[in-house]
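Remarks on the structure that follows.
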Amino acid sequence: MTADDTGSGADAIPHPLAVRLEQLILGAERRYTPFQAARTAGVSMELATRFWRAMGFADVGQAKAFTEADVLALRRLAGLVEAGLLSEAMAVQVARSTGQTTARLAEWQIDSFLEGLTDPPEPGMTRTEVTYPIIELLLPELEEFLVYVWRRQLSASAGRVVQAADDEEMVDRRLCVGFADLVGFTRLTRRMEEEELGELVEAFETTAADLVAARGGRLIKTLGDEVLYAADDAAVAAEIALRLIETMANDETMPELRVGIAFGTVTTRMGDVFGTTVNLASRLTSIAPRDAVLVDSAFAEELIRTGEAPASEAEAAEAAATAEKEGEDPPTYRFALQPMWQRPVRGLGVVEPWLLTRRDAAPS
């Protein structure tokens, strides 16, 4: 069953190629109505419907829309609940998170592959006609690659969990959260053609994703003109922010960028992050100067505590003088922090932002 199946269109005659594609991708023919699939899987119709809707599948009435794979998937989810490995609510969350993630991935893959590989179409063939052989060739390779990437990501995520200080930290964790926002994006949407705008957004998201991953952060989500990332370490979050600013500044096709970072307790759900810390990072981004990074006081304190930034330039100079007098190497700092004016932030009260720069760019 596909996510765009509908009850009203269930009895319509499907396109012959659509039928062939479905059988190719699913590896089986439709043979069960929803009731028959639920009964064969040994699952109540109510629970089966909750699972299907969570995965993003539309109601199909009593049309034959399910295959043996659908029955097996239901049986597996229900089995996890029966074995006590997952609660029913958690099983629904698993279905929802998997459905939402893979739906977006599938849409992107179809759009990108058909545009990139069949533009222009093969001589004498329409794009519709060339779709089947392309998917036939790509399907097994993409399936293997998807499982590989998922296992790598699962391994990394499991590693972070076992390193948590306690059980509460697994869900409500202290993280550095950063927002990076393109300046003047709304004005750009009125001036640029849709294709140009799409290319700009894709370039921004790709650059940001690569920088975040390379420096050890995690890209939480992209919102067109904005990206949200997280890092366990304050120095990593700071390095990502400054690299983003520097990289975008060196690209004449890109608008200016501003970044806000906050440090504190974050609630994680379905791969996303929530809470006051996230809201504060977003607010700091909205008030940050162009091509600059603003951080909250908790993040500044964390950089100072870990020796990545001095509390002030005067303190750095004093520490250097003391080290020189004692014949030791002076302390080295990667970053500099400059306190800004306290200001009220909607919904969060008064905050004290700090301007984050590289140490060698700090005032003498």
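Residue numbering restarts at 1 in every chain; chains get A, B, ... in the order shown in the structure tokens, and ligands count up from 1 in that same order.
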Requested in this report: Just the residues within 7 Å of range 228-232 of chain A, please, counting only C-alpha atoms, with nothing from its chain fewer than 3 positions along; format it as a ChimeraX atom specification.
Outcome: /A:175-180,217-222,236-237
Query raised in the report: If you count only C-alpha atoms, which residues fall within 9 Å of Leu284 in chain A, apart from same-chain ones fewer than 4 positions away, as a list of chain:residue names?
Result: A:Phe179, A:Val259, A:Gly260, A:Ile261, A:Ala262, A:Asn279, A:Leu280, A:Ala288, A:Val293, A:Leu294, A:Val295, A:Asp296, A:Val345, A:Pro353
Query - Contacts of Leu257 in chain A at 7 Å (only C-alpha atoms; same-chain gap of 4+ positions) as a PyMOL selection string - result: chain A and resi 180-183+245+290-291
Requested in this report: Mind listing the strand (DSSP E) residues of range 16-241 of chain A, per DSSP on the backbone, as a list in words?
Outcome: Asp172, Arg173, Arg174, Leu175, Cys176, Val177, Gly178, Phe179, Ala180, Asp181, Leu182, Arg218, Leu219, Ile220, Lys221, Thr222, Glu226, Val227, Leu228, Tyr229, Ala230 and Ala231 of chain A
**Report entry** Nearest to Glu29 in chain A by atom-to-atom distance, counting only C-alpha atoms, from A:Asp59, A:Asp210, A:Glu68, A:Glu302
**Finding:** A:Glu68
Report task. Would you please extract all helix (DSSP H, G or I) residues from range 200-344 of chain A, as assigned by DSSP on the backbone, and give them as a ChimeraX atom specification? Result -> /A:200-214,234-249,276-287,297-305,313-325
Using C-alpha atoms, can you write the selected residues to a file as a PDB file, in the first residue's frame?
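Output file selection29.pdb follows:
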```
ATOM      1  CA  LEU A 200      20.521  28.173  -3.204  1.00  0.00           C
ATOM      2  CA  VAL A 201      18.630  26.334  -0.466  1.00  0.00           C
ATOM      3  CA  GLU A 202      20.112  23.004  -1.532  1.00  0.00           C
ATOM      4  CA  ALA A 203      23.639  24.470  -1.551  1.00  0.00           C
ATOM      5  CA  PHE A 204      23.125  25.969   1.907  1.00  0.00           C
ATOM      6  CA  GLU A 205      21.708  22.763   3.382  1.00  0.00           C
ATOM      7  CA  THR A 206      24.427  20.625   1.788  1.00  0.00           C
ATOM      8  CA  THR A 207      27.243  22.885   2.997  1.00  0.00           C
ATOM      9  CA  ALA A 208      25.789  23.075   6.500  1.00  0.00           C
ATOM     10  CA  ALA A 209      25.213  19.321   6.705  1.00  0.00           C
ATOM     11  CA  ASP A 210      28.777  18.572   5.585  1.00  0.00           C
ATOM     12  CA  LEU A 211      30.316  21.031   8.056  1.00  0.00           C
ATOM     13  CA  VAL A 212      28.214  19.821  10.971  1.00  0.00           C
ATOM     14  CA  ALA A 213      29.048  16.171  10.293  1.00  0.00           C
ATOM     15  CA  ALA A 214      32.754  16.783   9.650  1.00  0.00           C
ATOM     16  CA  ALA A 234      30.764  23.348  23.473  1.00  0.00           C
ATOM     17  CA  ALA A 235      34.011  23.692  21.502  1.00  0.00           C
ATOM     18  CA  VAL A 236      32.575  21.526  18.717  1.00  0.00           C
ATOM     19  CA  ALA A 237      29.402  23.631  18.555  1.00  0.00           C
ATOM     20  CA  ALA A 238      31.459  26.837  18.507  1.00  0.00           C
ATOM     21  CA  GLU A 239      33.763  25.574  15.758  1.00  0.00           C
ATOM     22  CA  ILE A 240      30.787  24.553  13.609  1.00  0.00           C
ATOM     23  CA  ALA A 241      29.167  27.979  14.004  1.00  0.00           C
ATOM     24  CA  LEU A 242      32.303  29.900  13.050  1.00  0.00           C
ATOM     25  CA  ARG A 243      33.073  27.565  10.145  1.00  0.00           C
ATOM     26  CA  LEU A 244      29.567  28.106   8.812  1.00  0.00           C
ATOM     27  CA  ILE A 245      30.000  31.888   8.968  1.00  0.00           C
ATOM     28  CA  GLU A 246      33.435  31.748   7.316  1.00  0.00           C
ATOM     29  CA  THR A 247      32.373  29.324   4.575  1.00  0.00           C
ATOM     30  CA  MET A 248      29.262  31.260   3.623  1.00  0.00           C
ATOM     31  CA  ALA A 249      31.149  34.575   3.698  1.00  0.00           C
ATOM     32  CA  THR A 276      13.827  26.224  26.590  1.00  0.00           C
ATOM     33  CA  THR A 277      17.414  25.751  25.421  1.00  0.00           C
ATOM     34  CA  VAL A 278      16.240  25.260  21.835  1.00  0.00           C
ATOM     35  CA  ASN A 279      13.938  28.295  22.056  1.00  0.00           C
ATOM     36  CA  LEU A 280      16.783  30.410  23.438  1.00  0.00           C
ATOM     37  CA  ALA A 281      19.122  29.400  20.608  1.00  0.00           C
ATOM     38  CA  SER A 282      16.427  30.390  18.109  1.00  0.00           C
ATOM     39  CA  ARG A 283      15.907  33.785  19.783  1.00  0.00           C
ATOM     40  CA  LEU A 284      19.660  34.461  19.868  1.00  0.00           C
ATOM     41  CA  THR A 285      19.808  33.774  16.137  1.00  0.00           C
ATOM     42  CA  SER A 286      17.064  36.318  15.471  1.00  0.00           C
ATOM     43  CA  ILE A 287      19.001  39.093  17.278  1.00  0.00           C
ATOM     44  CA  SER A 297      25.770  32.813  29.238  1.00  0.00           C
ATOM     45  CA  ALA A 298      25.610  29.064  29.992  1.00  0.00           C
ATOM     46  CA  PHE A 299      27.419  28.290  26.736  1.00  0.00           C
ATOM     47  CA  ALA A 300      30.006  31.013  27.446  1.00  0.00           C
ATOM     48  CA  GLU A 301      30.598  29.582  30.920  1.00  0.00           C
ATOM     49  CA  GLU A 302      31.096  26.110  29.443  1.00  0.00           C
ATOM     50  CA  LEU A 303      33.751  27.375  27.017  1.00  0.00           C
ATOM     51  CA  ILE A 304      35.505  29.169  29.904  1.00  0.00           C
ATOM     52  CA  ARG A 305      35.254  26.127  32.188  1.00  0.00           C
ATOM     53  CA  GLU A 313      41.082  39.574  27.537  1.00  0.00           C
ATOM     54  CA  ALA A 314      42.494  41.007  30.765  1.00  0.00           C
ATOM     55  CA  GLU A 315      42.445  37.549  32.332  1.00  0.00           C
ATOM     56  CA  ALA A 316      44.130  36.069  29.267  1.00  0.00           C
ATOM     57  CA  ALA A 317      46.873  38.705  29.404  1.00  0.00           C
ATOM     58  CA  GLU A 318      47.389  38.138  33.138  1.00  0.00           C
ATOM     59  CA  ALA A 319      47.611  34.368  32.659  1.00  0.00           C
ATOM     60  CA  ALA A 320      50.136  34.834  29.842  1.00  0.00           C
ATOM     61  CA  ALA A 321      52.269  37.179  31.990  1.00  0.00           C
ATOM     62  CA  THR A 322      52.217  34.745  34.901  1.00  0.00           C
ATOM     63  CA  ALA A 323      53.215  31.836  32.669  1.00  0.00           C
ATOM     64  CA  GLU A 324      56.064  33.833  31.153  1.00  0.00           C
ATOM     65  CA  LYS A 325      57.341  34.816  34.614  1.00  0.00           C
TER      66      LYS A 325
END
```
Requested in this report: Point out the residue among A:Leu137, A:Thr40, A:Pro34, A:Leu17 with the least atom-to-atom distance to Val60 in chain A, counting only C-alpha atoms.
Outcome: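 When distances to Val60 in chain A are compared using only C-alpha atoms, the smallest one comes from A:Pro34.
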For Arg104 in chain A, please output as an mmCIF file with C-alpha atoms, in the first residue's frame all residues within 12 Å (counting only C-alpha atoms; exclusion window: fewer than 5 positions along the same chain).
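Produced file selection.cif, reproduced below:
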```cif
data_model
loop_
_atom_site.group_PDB
_atom_site.id
_atom_site.type_symbol
_atom_site.label_atom_id
_atom_site.label_comp_id
_atom_site.auth_asym_id
_atom_site.auth_seq_id
_atom_site.Cartn_x
_atom_site.Cartn_y
_atom_site.Cartn_z
ATOM 1 C CA ALA A 3 0.951 6.646 1.162
ATOM 2 C CA MET A 55 3.482 5.136 8.890
ATOM 3 C CA GLY A 56 1.723 7.706 6.684
ATOM 4 C CA SER A 97 9.232 8.183 12.954
ATOM 5 C CA THR A 98 10.167 5.568 10.359
ATOM 6 C CA GLY A 99 7.294 6.545 8.081
ATOM 7 C CA GLN A 109 15.062 10.096 -4.378
ATOM 8 C CA ILE A 110 12.331 9.798 -6.987
ATOM 9 C CA ASP A 111 12.422 13.511 -7.803
#
```
**Report entry** Coordinates-based distance that separates CA of Gly224 in chain A from CA of Leu188 in chain A (Å, one decimal)
**Finding:**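 Taking CA of Leu188 in chain A as the start and CA of Gly224 in chain A as the end point, the length is 12.3 Å.
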Report task. Tell me which protein, DNA and RNA residues are within 8 Å of Leu74 in chain A, counting only C-alpha atoms, leaving out same-chain ones fewer than 3 positions away, and put them as a PyMOL selection string. Result -> chain A and resi 38+41+43+48+51+70-71+77-78
Just-selected residues, N, CA and C atoms written as a CSV table (one decimal), in the first residue's frame:
```
chain,number,residue,atom,x,y,z
A,38,ALA,N,-5.1,-7.4,8.8
A,38,ALA,CA,-5.0,-7.4,10.3
A,38,ALA,C,-5.3,-8.8,10.9
A,41,ALA,N,-2.4,-11.2,10.3
A,41,ALA,CA,-1.3,-10.8,11.2
A,41,ALA,C,-1.6,-11.1,12.7
A,43,VAL,N,-3.6,-9.2,14.5
A,43,VAL,CA,-3.6,-7.8,15.1
A,43,VAL,C,-5.1,-7.3,15.0
A,48,ALA,N,-4.0,-2.1,14.0
A,48,ALA,CA,-3.5,-2.1,12.6
A,48,ALA,C,-3.7,-0.7,12.0
A,51,PHE,N,-1.2,1.8,13.4
A,51,PHE,CA,0.2,1.6,12.8
A,51,PHE,C,0.2,2.1,11.4
A,70,ASP,N,3.2,-6.4,4.1
A,70,ASP,CA,2.4,-5.6,5.0
A,70,ASP,C,2.0,-6.4,6.2
A,71,VAL,N,1.6,-7.6,6.0
A,71,VAL,CA,1.1,-8.5,7.1
A,71,VAL,C,2.3,-8.8,8.0
A,77,LEU,N,5.6,-5.7,14.5
A,77,LEU,CA,5.4,-4.6,15.4
A,77,LEU,C,4.5,-5.1,16.6
A,78,ALA,N,3.5,-5.9,16.3
A,78,ALA,CA,2.7,-6.4,17.4
A,78,ALA,C,3.4,-7.4,18.2
```
Query - Option closest in space to Ala18 in chain A, from A:Phe145, A:Phe274, A:Tyr132, A:Tyr333 [counting only C-alpha atoms] - result: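 Using only C-alpha atoms, Ala18 in chain A sits closest to A:Tyr132.
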Query - Residue contacts of Ala28 in chain A (10 Å, only C-alpha atoms) excluding same-chain residues fewer than 2 positions away, as an NGL selection string - result: :A and (22-26 or 30-31 or 66-69)
Selected residues, C-alpha atoms, written as a compact mmCIF listing (two decimals), in the first residue's frame, please.
```txt
# COMPACT_ATOMS: atom_id res chain seq x y z
CA GLU A 22 4.61 -1.34 -7.17
CA GLN A 23 5.13 -5.06 -7.78
CA LEU A 24 8.81 -4.42 -8.56
CA ILE A 25 9.40 -2.36 -5.42
CA LEU A 26 7.24 -4.32 -2.99
CA ARG A 30 -1.85 -6.80 -3.51
CA ARG A 31 -3.99 -9.57 -2.04
CA PHE A 66 -1.90 -5.06 1.14
CA THR A 67 0.77 -7.64 0.46
CA GLU A 68 2.46 -10.37 2.47
CA ALA A 69 5.11 -7.80 3.47
```
Query raised in the report: Which of these residues is nearest to Leu142 in chain A, using only C-alpha atoms: A:Ala54, A:Leu105, A:Leu86, A:Leu154?
Result: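 Smallest separation from Leu142 in chain A among the options: A:Leu105.
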